[in-house]
>>> print(open('run-v3.cif').read())   # mmCIF, C-alpha atoms
data_entry
#
loop_
_atom_site.label_atom_id
_atom_site.label_comp_id
_atom_site.auth_asym_id
_atom_site.auth_seq_id
_atom_site.Cartn_x
_atom_site.Cartn_y
_atom_site.Cartn_z
CA MET A 12 -160.05 9.06 27.77
CA SER A 13 -162.46 8.21 24.95
CA ILE A 14 -166.20 8.03 25.64
CA LEU A 15 -168.08 5.21 23.94
CA TYR A 16 -171.25 6.24 22.13
CA ILE A 17 -172.50 2.86 20.95
CA SER A 18 -172.05 0.00 23.41
CA MET A 19 -172.87 -3.67 22.92
CA ASN A 20 -172.28 -5.99 25.86
CA GLY A 21 -172.67 -9.76 25.62
CA VAL A 22 -175.28 -9.66 22.85
CA THR A 23 -176.63 -13.04 21.75
CA LYS A 24 -179.34 -13.97 19.27
CA GLN A 25 -180.99 -17.23 18.21
CA PHE A 26 -183.29 -18.11 15.33
CA GLY A 27 -185.19 -21.37 15.67
CA GLY A 28 -182.77 -22.69 18.24
CA ARG A 29 -179.72 -21.83 16.12
CA VAL A 30 -177.37 -19.28 17.67
CA VAL A 31 -176.37 -16.62 15.14
CA LEU A 32 -174.70 -14.13 17.50
CA TYR A 33 -172.42 -15.28 20.33
CA ASP A 34 -171.54 -12.88 23.15
CA ILE A 35 -170.91 -9.82 20.95
CA SER A 36 -169.29 -6.95 22.86
CA PHE A 37 -167.78 -3.76 21.44
CA GLY A 38 -167.83 0.02 21.78
CA LEU A 39 -167.71 2.83 19.23
CA GLU A 40 -166.82 6.47 19.83
CA LYS A 41 -169.08 9.24 18.61
CA GLY A 42 -168.39 10.38 15.06
CA LYS A 43 -166.44 7.24 14.09
CA LEU A 44 -167.16 4.76 11.31
CA LEU A 45 -167.24 1.09 12.27
CA ALA A 46 -167.15 -1.61 9.59
CA LEU A 47 -168.75 -4.97 10.36
CA LEU A 48 -166.83 -7.24 8.00
CA GLY A 49 -167.26 -10.91 7.23
CA PRO A 50 -168.55 -13.54 4.80
CA SER A 51 -172.21 -14.20 4.08
CA GLY A 52 -174.01 -15.78 7.04
CA CYS A 53 -171.58 -14.55 9.69
CA GLY A 54 -174.18 -12.41 11.51
CA LYS A 55 -173.39 -8.92 10.16
CA THR A 56 -176.91 -7.96 9.09
CA THR A 57 -178.49 -9.53 12.18
CA LEU A 58 -176.20 -7.39 14.32
CA LEU A 59 -177.12 -4.28 12.31
CA ASN A 60 -180.84 -5.07 12.61
CA ALA A 61 -180.46 -5.50 16.36
CA LEU A 62 -178.95 -2.00 16.52
CA ALA A 63 -181.86 -0.66 14.47
CA GLY A 64 -184.44 -2.34 16.71
CA LEU A 65 -185.67 -4.59 13.89
CA VAL A 66 -184.50 -7.71 15.76
CA ASP A 67 -184.91 -8.43 19.48
CA ILE A 68 -181.90 -9.83 21.32
CA ASP A 69 -181.84 -12.90 23.59
CA GLY A 70 -178.96 -11.80 25.80
CA GLY A 71 -176.84 -8.78 26.65
CA THR A 72 -177.55 -5.07 26.20
CA ILE A 73 -177.35 -2.40 23.50
CA SER A 74 -176.96 1.27 24.44
CA ILE A 75 -176.47 4.45 22.45
CA GLY A 76 -175.31 7.45 24.40
CA ASP A 77 -176.66 7.11 27.93
CA ARG A 78 -179.87 5.37 26.85
CA LEU A 79 -180.59 1.64 26.91
CA TYR A 80 -181.94 0.52 23.53
CA SER A 81 -182.22 -3.26 23.90
CA ARG A 82 -182.06 -6.05 26.45
CA PRO A 83 -183.91 -9.38 26.71
CA GLY A 84 -187.61 -8.58 27.05
CA TYR A 85 -187.22 -4.92 26.13
CA SER A 86 -186.57 -3.15 22.82
CA LEU A 87 -186.95 0.56 22.16
CA ALA A 88 -189.14 1.02 19.08
CA PRO A 89 -187.16 1.64 15.86
CA GLU A 90 -188.86 5.01 15.26
CA GLU A 91 -187.66 6.23 18.67
CA ARG A 92 -184.01 5.31 18.15
CA LYS A 93 -182.96 8.29 16.00
CA ILE A 94 -181.27 5.91 13.58
CA GLY A 95 -181.01 6.33 9.82
CA MET A 96 -180.65 3.24 7.64
CA VAL A 97 -179.35 2.77 4.11
CA PHE A 98 -180.28 -0.52 2.46
CA GLN A 99 -178.50 -2.59 -0.16
CA ASP A 100 -181.30 -2.24 -2.74
CA PHE A 101 -181.80 1.54 -2.18
CA ALA A 102 -185.53 1.00 -1.27
CA LEU A 103 -186.67 4.22 -2.96
CA TRP A 104 -190.37 4.82 -3.64
CA PRO A 105 -190.64 4.51 -7.46
CA HIS A 106 -193.71 6.78 -7.71
CA MET A 107 -192.09 9.62 -5.72
CA THR A 108 -189.63 12.24 -6.89
CA VAL A 109 -186.19 12.55 -5.34
CA PHE A 110 -187.49 15.42 -3.20
CA ASP A 111 -190.48 13.44 -1.96
CA ASN A 112 -188.38 10.34 -1.21
CA ILE A 113 -186.06 12.38 0.97
CA ALA A 114 -188.93 14.33 2.59
CA PHE A 115 -190.97 11.20 3.40
CA GLY A 116 -189.61 10.60 6.90
CA LEU A 117 -189.89 14.27 7.81
CA ARG A 118 -193.53 14.38 6.72
CA VAL A 119 -194.32 11.30 8.81
CA LYS A 120 -192.95 13.23 11.78
CA ARG A 121 -195.14 16.21 10.84
CA VAL A 122 -192.23 18.57 10.40
CA PRO A 123 -193.35 22.01 9.10
CA ARG A 124 -193.34 22.33 5.30
CA ARG A 125 -190.78 25.13 5.19
CA THR A 126 -188.43 23.21 7.47
CA ILE A 127 -188.82 20.13 5.27
CA HIS A 128 -187.87 22.09 2.16
CA GLU A 129 -184.82 23.59 3.86
CA ARG A 130 -183.66 20.24 5.22
CA VAL A 131 -184.15 18.38 1.93
CA MET A 132 -182.16 20.99 0.02
CA GLU A 133 -179.45 20.87 2.69
CA VAL A 134 -178.95 17.10 2.41
CA LEU A 135 -179.16 17.28 -1.39
CA GLN A 136 -176.24 19.70 -1.19
CA THR A 137 -174.39 17.27 1.12
CA VAL A 138 -174.73 14.37 -1.34
CA ARG A 139 -174.17 16.59 -4.39
CA MET A 140 -177.62 16.01 -5.89
CA VAL A 141 -178.98 19.55 -6.11
CA GLY A 142 -180.90 19.87 -9.38
CA PHE A 143 -182.20 16.29 -9.28
CA GLU A 144 -185.05 16.89 -6.83
CA LYS A 145 -187.82 16.65 -9.48
CA ARG A 146 -186.57 13.43 -11.03
CA PHE A 147 -187.96 9.96 -10.35
CA PRO A 148 -185.81 6.93 -9.34
CA HIS A 149 -186.06 5.38 -12.82
CA GLN A 150 -184.38 8.49 -14.21
CA LEU A 151 -181.30 8.06 -11.99
CA SER A 152 -178.12 6.01 -12.28
CA GLY A 153 -177.20 3.46 -9.61
CA GLY A 154 -174.81 5.85 -7.90
CA GLN A 155 -177.38 8.65 -7.92
CA LYS A 156 -180.01 6.36 -6.39
CA GLN A 157 -177.58 5.43 -3.63
CA ARG A 158 -176.88 9.08 -2.85
CA VAL A 159 -180.63 9.74 -2.65
CA ALA A 160 -180.98 6.81 -0.23
CA ILE A 161 -178.20 8.30 1.91
CA ALA A 162 -179.84 11.74 1.78
CA ARG A 163 -183.15 10.24 2.89
CA ALA A 164 -181.43 8.57 5.87
CA LEU A 165 -179.68 11.82 6.81
CA ALA A 166 -182.72 14.08 6.47
CA PRO A 167 -184.21 13.44 9.95
CA GLU A 168 -180.77 14.19 11.49
CA PRO A 169 -180.24 10.74 13.06
CA ALA A 170 -177.79 10.14 15.86
CA VAL A 171 -176.46 7.02 14.13
CA LEU A 172 -176.31 5.98 10.48
CA LEU A 173 -176.52 2.27 9.61
CA MET A 174 -175.51 1.00 6.17
CA ASP A 175 -176.15 -2.57 4.99
CA GLU A 176 -173.93 -3.45 1.99
CA PRO A 177 -174.79 -0.10 0.37
CA LEU A 178 -172.42 -0.47 -2.60
CA SER A 179 -172.73 -4.16 -3.43
CA SER A 180 -175.18 -3.65 -6.30
CA LEU A 181 -172.93 -1.15 -8.08
CA ASP A 182 -170.25 -1.97 -10.66
CA ALA A 183 -166.58 -1.95 -9.64
CA LYS A 184 -165.70 1.53 -10.92
CA LEU A 185 -168.81 3.12 -9.42
CA ARG A 186 -168.18 1.36 -6.09
CA GLU A 187 -164.74 2.94 -5.91
CA GLU A 188 -166.15 6.39 -6.70
CA MET A 189 -168.95 5.97 -4.14
CA ARG A 190 -166.48 4.90 -1.44
CA TRP A 191 -164.81 8.29 -1.67
CA GLN A 192 -168.15 10.08 -1.68
CA LEU A 193 -169.40 8.13 1.34
CA MET A 194 -166.22 8.90 3.25
CA GLU A 195 -166.67 12.60 2.43
CA ILE A 196 -170.32 12.56 3.57
CA VAL A 197 -169.62 10.75 6.83
CA ARG A 198 -166.68 13.00 7.71
CA LYS A 199 -168.59 16.14 6.70
CA THR A 200 -171.65 15.32 8.80
CA GLY A 201 -169.68 13.84 11.70
CA ILE A 202 -172.33 11.16 12.12
CA THR A 203 -171.55 7.93 13.96
CA THR A 204 -171.78 5.17 11.34
CA VAL A 205 -171.96 1.37 11.36
CA TYR A 206 -171.24 -0.07 7.92
CA VAL A 207 -171.87 -3.72 7.00
CA THR A 208 -169.80 -5.19 4.18
CA HIS A 209 -168.24 -8.42 2.94
CA ASP A 210 -165.71 -6.40 0.92
CA GLN A 211 -162.35 -6.06 2.68
CA ILE A 212 -161.38 -3.08 0.48
CA GLU A 213 -164.43 -1.11 1.63
CA ALA A 214 -163.70 -1.94 5.27
CA LEU A 215 -159.99 -1.11 5.12
CA THR A 216 -160.36 2.13 3.14
CA MET A 217 -163.39 3.62 4.90
CA ALA A 218 -163.47 2.52 8.53
CA ASP A 219 -161.88 3.92 11.68
CA HIS A 220 -162.45 0.55 13.36
CA VAL A 221 -163.13 -2.90 11.89
CA ILE A 222 -164.84 -5.88 13.50
CA LEU A 223 -164.30 -9.13 11.62
CA LEU A 224 -167.12 -11.61 12.25
CA ASN A 225 -166.89 -15.35 11.75
CA GLN A 226 -169.85 -17.67 12.40
CA GLY A 227 -171.52 -15.21 14.75
CA ARG A 228 -168.41 -14.45 16.79
CA ILE A 229 -165.91 -11.61 16.77
CA GLU A 230 -162.81 -13.12 15.18
CA GLN A 231 -160.68 -10.00 15.61
CA GLU A 232 -161.17 -6.24 15.86
CA GLY A 233 -158.99 -3.18 15.61
CA SER A 234 -157.95 -0.46 13.20
CA PRO A 235 -157.68 -1.37 9.51
CA VAL A 236 -153.88 -1.24 9.82
CA GLU A 237 -153.91 -3.57 12.83
CA LEU A 238 -156.07 -6.20 11.14
CA TYR A 239 -154.02 -6.13 7.96
CA GLN A 240 -150.56 -6.04 9.52
CA SER A 241 -151.20 -8.16 12.61
CA PRO A 242 -153.83 -10.84 11.97
CA ARG A 243 -154.02 -13.28 14.86
CA THR A 244 -155.82 -16.14 13.18
CA GLU A 245 -155.72 -18.01 9.89
CA PHE A 246 -159.26 -16.84 9.13
CA CYS A 247 -158.35 -13.17 9.57
CA ALA A 248 -155.17 -13.51 7.51
CA SER A 249 -157.02 -15.23 4.67
CA PHE A 250 -160.02 -12.88 4.67
CA ILE A 251 -158.12 -9.59 4.85
CA GLY A 252 -155.52 -9.24 2.13
CA ALA A 253 -153.65 -11.89 0.16
CA SER A 254 -151.52 -14.24 2.25
CA ASN A 255 -149.35 -17.30 1.99
CA LEU A 256 -150.61 -19.54 4.80
CA LEU A 257 -148.63 -22.71 5.45
CA PRO A 258 -148.69 -25.16 8.38
CA CYS A 259 -145.39 -25.24 10.23
CA SER A 260 -143.70 -26.69 13.29
CA ILE A 261 -141.76 -24.71 15.87
CA VAL A 262 -138.07 -25.61 15.98
CA ASN A 263 -136.99 -23.03 18.54
CA HIS A 264 -139.12 -20.41 20.30
CA MET A 265 -137.14 -17.30 21.30
CA GLY A 266 -139.52 -14.78 22.88
CA SER A 267 -141.02 -12.70 20.08
CA TRP A 268 -139.31 -14.81 17.40
CA ALA A 269 -139.34 -18.46 16.45
CA LYS A 270 -137.35 -20.66 14.11
CA ILE A 271 -139.81 -22.76 12.16
CA ASP A 272 -139.91 -25.67 9.75
CA VAL A 273 -142.33 -25.46 6.81
CA ASP A 274 -142.25 -28.93 5.28
CA GLY A 275 -138.45 -28.95 5.34
CA PHE A 276 -138.01 -25.24 4.58
CA ARG A 277 -136.40 -23.45 7.54
CA THR A 278 -137.03 -19.76 8.25
CA THR A 279 -137.75 -17.30 11.07
CA ALA A 280 -141.08 -15.71 11.99
CA SER A 281 -142.42 -13.24 14.53
CA VAL A 282 -144.72 -14.46 17.31
CA TYR A 283 -147.57 -12.22 18.47
CA ASP A 284 -148.11 -14.19 21.70
CA ASP A 285 -145.67 -15.24 24.44
CA THR A 286 -147.04 -18.77 24.46
CA ILE A 287 -147.27 -20.89 21.35
CA SER A 288 -147.83 -24.54 20.57
CA ALA A 289 -145.50 -26.87 18.71
CA SER A 290 -147.45 -26.20 15.52
CA ALA A 291 -148.97 -23.08 14.03
CA VAL A 292 -149.52 -21.39 10.66
CA TRP A 293 -146.80 -19.35 8.98
CA MET A 294 -148.17 -16.28 7.26
CA VAL A 295 -146.29 -14.08 4.81
CA ARG A 296 -147.80 -11.55 2.42
CA PRO A 297 -146.98 -11.92 -1.31
CA SER A 298 -145.72 -8.34 -1.32
CA ASP A 299 -143.21 -9.22 1.43
CA VAL A 300 -141.44 -11.89 -0.61
CA SER A 301 -138.86 -10.40 -2.98
CA ILE A 302 -137.26 -11.81 -6.11
CA VAL A 303 -133.60 -10.78 -5.91
CA PRO A 304 -130.33 -11.41 -7.75
CA ASP A 305 -128.59 -14.63 -6.79
CA ALA A 306 -126.53 -12.95 -4.08
CA ARG A 307 -127.01 -12.82 -0.34
CA ASP A 308 -126.77 -9.63 1.70
CA SER A 309 -124.83 -10.48 4.84
CA ASN A 310 -126.11 -7.30 6.54
CA ASP A 311 -129.77 -8.34 6.82
CA GLU A 312 -131.54 -11.08 8.74
CA ALA A 313 -133.39 -12.75 5.90
CA THR A 314 -134.09 -16.18 4.48
CA TYR A 315 -132.96 -16.87 0.93
CA ALA A 316 -134.08 -19.73 -1.28
CA LYS A 317 -134.02 -20.88 -4.89
CA ALA A 318 -137.38 -21.35 -6.61
CA VAL A 319 -138.98 -21.97 -9.99
CA ILE A 320 -142.00 -20.12 -11.42
CA LEU A 321 -145.03 -22.40 -11.83
CA GLN A 322 -147.72 -19.89 -12.85
CA ARG A 323 -148.06 -16.19 -13.55
CA ALA A 324 -150.86 -13.63 -13.96
CA PHE A 325 -150.68 -9.99 -15.03
CA GLN A 326 -152.15 -7.60 -12.43
CA GLY A 327 -151.55 -4.24 -14.14
CA ASP A 328 -148.73 -2.66 -12.15
CA THR A 329 -147.40 -6.02 -10.89
CA TRP A 330 -147.14 -9.67 -11.88
CA GLN A 331 -148.58 -12.35 -9.65
CA TYR A 332 -146.38 -15.46 -9.51
CA ARG A 333 -146.81 -18.88 -7.98
CA VAL A 334 -143.38 -20.37 -7.28
CA ARG A 335 -142.15 -23.67 -5.85
CA LEU A 336 -139.08 -23.69 -3.65
CA ASP A 337 -136.19 -25.94 -4.63
CA GLY A 338 -135.56 -28.95 -2.47
CA PRO A 339 -137.60 -31.81 -1.04
CA SER A 340 -140.21 -29.61 0.68
CA HIS A 341 -142.31 -28.66 -2.41
CA VAL A 342 -143.36 -25.46 -0.62
CA SER A 343 -145.27 -23.10 -2.95
CA LEU A 344 -145.56 -19.35 -2.43
CA GLU A 345 -147.40 -16.51 -4.11
CA ILE A 346 -145.13 -13.56 -4.94
CA TRP A 347 -145.82 -10.12 -6.43
CA ASP A 348 -143.10 -8.57 -8.57
CA GLU A 349 -142.97 -5.73 -11.12
CA GLN A 350 -140.70 -7.52 -13.60
CA ALA A 351 -142.14 -9.84 -16.24
CA ARG A 352 -140.78 -13.39 -16.04
CA GLU A 353 -141.62 -16.64 -17.76
CA VAL A 354 -143.12 -19.85 -16.40
CA GLY A 355 -140.23 -22.22 -15.70
CA ASP A 356 -137.73 -19.46 -14.89
CA ALA A 357 -135.42 -20.13 -11.95
CA VAL A 358 -135.45 -17.27 -9.42
CA PHE A 359 -133.88 -16.40 -6.08
CA ILE A 360 -136.23 -15.20 -3.33
CA ARG A 361 -135.66 -13.25 -0.13
CA ILE A 362 -137.94 -13.17 2.94
CA LEU A 363 -137.10 -10.61 5.62
CA ARG A 364 -137.15 -11.81 9.19
CA GLU A 365 -139.93 -9.40 10.19
CA SER A 366 -142.15 -10.36 7.23
CA GLY A 367 -143.22 -13.81 8.40
CA ARG A 368 -145.69 -14.19 11.26
CA LEU A 369 -147.02 -17.12 13.27
CA ILE A 370 -150.78 -17.19 13.73
CA ARG A 371 -153.46 -19.52 15.07
CA PRO A 372 -154.56 -22.38 12.87
CA ALA A 373 -158.20 -22.42 11.77
CA HIS A 374 -160.63 -23.62 14.45
CA SER A 375 -157.99 -23.23 17.16
CA PRO A 376 -159.27 -21.11 20.08
CA GLN A 377 -155.83 -20.01 21.21
CA LEU A 378 -152.12 -20.74 21.01
CA VAL A 379 -151.16 -22.64 24.15
#
>>> encode(input="run-v3.cif", output="structure tokens")
Amino acid sequence: MSILYISMNGVTKQFGGRVVLYDISFGLEKGKLLALLGPSGCGKTTLLNALAGLVDIDGGTISIGDRLYSRPGYSLAPEERKIGMVFQDFALWPHMTVFDNIAFGLRVKRVPRRTIHERVMEVLQTVRMVGFEKRFPHQLSGGQKQRVAIARALAPEPAVLLMDEPLSSLDAKLREEMRWQLMEIVRKTGITTVYVTHDQIEALTMADHVILLNQGRIEQEGSPVELYQSPRTEFCASFIGASNLLPCSIVNHMGSWAKIDVDGFRTTASVYDDTISASAVWMVRPSDVSIVPDARDSNDEATYAKAVILQRAFQGDTWQYRVRLDGPSHVSLEIWDEQAREVGDAVFIRILRESGRLIRPAHSPQLV
């Protein structure tokens, strides 16, 4: 049985009468990395600041280990929480060397000088910055500054590491490189980490557990694989990965499967819930729709249809196509395929039975 290290139960927060966090509850095991994912304004940073003790909460409780950190009317001071924080803008002291930036928190705590030197050199080794200790921030690249910021957060040996969009100010190639380095650092130190991001790639590649926030509420949570493969709502399916999302009506519900009508196009989709309304949203990933020769395979349970290519875009190892199905429905789908084709080409598509999925429409609390 897993033991939860960070626990949030029913946390709410208001600013000026506007609720920004609604009944947030989750748990995180020690040594795991949790990604708080969502668009701007969804409450990610407020939730992180509540964990850090920078924001008081109006309802619920926050605990780390066996100690209560926050409840209405009580908040353990940030300096007593044993939490390290890495900010989006690095927040390094420009007049201090790398060594002094990292040592700052230890000196505030009056740690002995020899211990400070040993600890700073240890974390410099962890973030692969040995040899840079005498440099100033203006002499560092963006990635080097970020590693110094991480080293500074790790130096006091915090129980929890909080990261607020730590890679968003870096260019695309450096972000990818830093993702691998961050994963290595977190795994090497074994520190429990909460990572705020709006970038689905960061969340899916780095996290053990993902919480997707939407307008201050938990939209869905689970492992990266669960959120990608089994989104329950239209918001989750559209935010995590590319998806074709089309309104549909249920023709026949058969347990975990349903025959559906998508504007005249008939197909079959899986149903994640035993109860479902007469209408839902049909979701199918572009990678799950295949362009095939004009021949049906009688051995598989798939839907076949003729289509014409409306648009195309080169994606490097694949082509991205927008196609319209033949017939009166005018259903359009995005498809990824390795072969180059021309706009206007007629194609034959195949959708496996298990590829399509029925999910909740936007703003629908549940399928009933």
>>> residues_around(input="run-v3.cif", residues="Leu215 in chain A", least_positions_apart="4", cutoff="9 Å", atoms="all atoms listed in the file", output="VMD selection string")
chain A and resid 46 210 to 211 219 to 221 234 to 236 238 to 239 251
>>> closest_residue(input="run-v3.cif", among="A:Leu45, A:Ala218, A:Ile229, A:Ala162", to="Asp111 in chain A", atoms="only C-alpha atoms")
A:Ala162
>>> resolve_selection(input="run-v3.cif", expression="the PyMOL selection byres ((chain A and resi 66) around 12)", output="ChimeraX atom specification")
/A:22-26,32,56-65,67-69,73,80-89
>>> closest_residue(input="run-v3.cif", among="A:Val109, A:Pro169, A:Ser343, A:Ser241", to="Val141 in chain A", atoms="all atoms listed in the file")
A:Val109
>>> residues_around(input="run-v3.cif", residues="range 299-304 of chain A", least_positions_apart="4", cutoff="8 Å", atoms="only C-alpha atoms", output="VMD selection string")
chain A and resid 295 346 to 348 358 to 363 366
>>> residues_around(input="run-v3.cif", residues="range 129-131 of chain A", least_positions_apart="3", cutoff="8 Å", atoms="all atoms listed in the file", output="PyMOL selection string")
chain A and resi 110+113-114+125-126+134-135+162+166
>>> resolve_selection(input="run-v3.cif", expression="the PyMOL selection byres ((chain A and resi 279) around 8)", output="PyMOL selection string")
chain A and resi 268-271+277-278+280-281+314+364+367
>>> write_last_selection(input="run-v3.cif", atoms="C-alpha atoms", output="PDB file, in the coordinates of the input")
ATOM      1  CA  TRP A 268    -139.310 -14.810  17.400  1.00  0.00           C
ATOM      2  CA  ALA A 269    -139.340 -18.460  16.450  1.00  0.00           C
ATOM      3  CA  LYS A 270    -137.350 -20.660  14.110  1.00  0.00           C
ATOM      4  CA  ILE A 271    -139.810 -22.760  12.160  1.00  0.00           C
ATOM      5  CA  ARG A 277    -136.400 -23.450   7.540  1.00  0.00           C
ATOM      6  CA  THR A 278    -137.030 -19.760   8.250  1.00  0.00           C
ATOM      7  CA  ALA A 280    -141.080 -15.710  11.990  1.00  0.00           C
ATOM      8  CA  SER A 281    -142.420 -13.240  14.530  1.00  0.00           C
ATOM      9  CA  THR A 314    -134.090 -16.180   4.480  1.00  0.00           C
ATOM     10  CA  ARG A 364    -137.150 -11.810   9.190  1.00  0.00           C
ATOM     11  CA  GLY A 367    -143.220 -13.810   8.400  1.00  0.00           C
TER      12      GLY A 367
END
>>> build_atoms(input="run-v3.cif", residues="range 201-218 of chain A", atoms="N, CA, C and O atoms", output="mmCIF file, in the frame of the given file")
data_model
loop_
_atom_site.group_PDB
_atom_site.id
_atom_site.type_symbol
_atom_site.label_atom_id
_atom_site.label_comp_id
_atom_site.auth_asym_id
_atom_site.auth_seq_id
_atom_site.Cartn_x
_atom_site.Cartn_y
_atom_site.Cartn_z
ATOM 1 N N GLY A 201 -170.127 14.244 10.372
ATOM 2 C CA GLY A 201 -169.680 13.840 11.700
ATOM 3 C C GLY A 201 -170.583 12.823 12.360
ATOM 4 O O GLY A 201 -170.571 12.665 13.583
ATOM 5 N N ILE A 202 -171.364 12.088 11.556
ATOM 6 C CA ILE A 202 -172.330 11.160 12.120
ATOM 7 C C ILE A 202 -171.679 9.816 12.429
ATOM 8 O O ILE A 202 -170.858 9.307 11.667
ATOM 9 N N THR A 203 -172.025 9.247 13.563
ATOM 10 C CA THR A 203 -171.550 7.930 13.960
ATOM 11 C C THR A 203 -172.167 6.894 13.025
ATOM 12 O O THR A 203 -173.377 6.854 12.844
ATOM 13 N N THR A 204 -171.316 6.047 12.408
ATOM 14 C CA THR A 204 -171.780 5.170 11.340
ATOM 15 C C THR A 204 -171.345 3.731 11.574
ATOM 16 O O THR A 204 -170.189 3.476 11.935
ATOM 17 N N VAL A 205 -172.275 2.800 11.345
ATOM 18 C CA VAL A 205 -171.960 1.370 11.360
ATOM 19 C C VAL A 205 -172.240 0.854 9.958
ATOM 20 O O VAL A 205 -173.355 0.972 9.450
ATOM 21 N N TYR A 206 -171.233 0.264 9.344
ATOM 22 C CA TYR A 206 -171.240 -0.070 7.920
ATOM 23 C C TYR A 206 -171.012 -1.565 7.755
ATOM 24 O O TYR A 206 -169.945 -2.086 8.118
ATOM 25 N N VAL A 207 -171.984 -2.276 7.227
ATOM 26 C CA VAL A 207 -171.870 -3.720 7.000
ATOM 27 C C VAL A 207 -171.342 -3.978 5.595
ATOM 28 O O VAL A 207 -171.834 -3.395 4.620
ATOM 29 N N THR A 208 -170.344 -4.848 5.492
ATOM 30 C CA THR A 208 -169.800 -5.190 4.180
ATOM 31 C C THR A 208 -169.110 -6.545 4.232
ATOM 32 O O THR A 208 -168.641 -6.982 5.286
ATOM 33 N N HIS A 209 -169.058 -7.202 3.075
ATOM 34 C CA HIS A 209 -168.240 -8.420 2.940
ATOM 35 C C HIS A 209 -166.967 -8.099 2.174
ATOM 36 O O HIS A 209 -166.133 -8.962 1.960
ATOM 37 N N ASP A 210 -166.819 -6.831 1.768
ATOM 38 C CA ASP A 210 -165.710 -6.400 0.920
ATOM 39 C C ASP A 210 -164.592 -5.820 1.793
ATOM 40 O O ASP A 210 -164.748 -4.762 2.400
ATOM 41 N N GLN A 211 -163.463 -6.504 1.834
ATOM 42 C CA GLN A 211 -162.350 -6.060 2.680
ATOM 43 C C GLN A 211 -161.827 -4.689 2.261
ATOM 44 O O GLN A 211 -161.401 -3.897 3.118
ATOM 45 N N ILE A 212 -161.874 -4.376 0.944
ATOM 46 C CA ILE A 212 -161.380 -3.080 0.480
ATOM 47 C C ILE A 212 -162.226 -1.955 1.063
ATOM 48 O O ILE A 212 -161.702 -0.933 1.527
ATOM 49 N N GLU A 213 -163.557 -2.125 1.041
ATOM 50 C CA GLU A 213 -164.430 -1.110 1.630
ATOM 51 C C GLU A 213 -164.113 -0.926 3.111
ATOM 52 O O GLU A 213 -164.018 0.203 3.604
ATOM 53 N N ALA A 214 -163.959 -2.031 3.838
ATOM 54 C CA ALA A 214 -163.700 -1.940 5.270
ATOM 55 C C ALA A 214 -162.363 -1.252 5.558
ATOM 56 O O ALA A 214 -162.275 -0.365 6.415
ATOM 57 N N LEU A 215 -161.323 -1.644 4.845
ATOM 58 C CA LEU A 215 -159.990 -1.110 5.120
ATOM 59 C C LEU A 215 -159.866 0.352 4.718
ATOM 60 O O LEU A 215 -159.178 1.129 5.387
ATOM 61 N N THR A 216 -160.520 0.755 3.615
ATOM 62 C CA THR A 216 -160.360 2.130 3.140
ATOM 63 C C THR A 216 -161.255 3.124 3.867
ATOM 64 O O THR A 216 -160.896 4.297 3.998
ATOM 65 N N MET A 217 -162.408 2.677 4.371
ATOM 66 C CA MET A 217 -163.390 3.620 4.900
ATOM 67 C C MET A 217 -163.445 3.694 6.417
ATOM 68 O O MET A 217 -163.769 4.742 6.984
ATOM 69 N N ALA A 218 -163.145 2.613 7.108
ATOM 70 C CA ALA A 218 -163.470 2.520 8.530
ATOM 71 C C ALA A 218 -162.372 3.080 9.439
ATOM 72 O O ALA A 218 -161.185 3.036 9.121
#
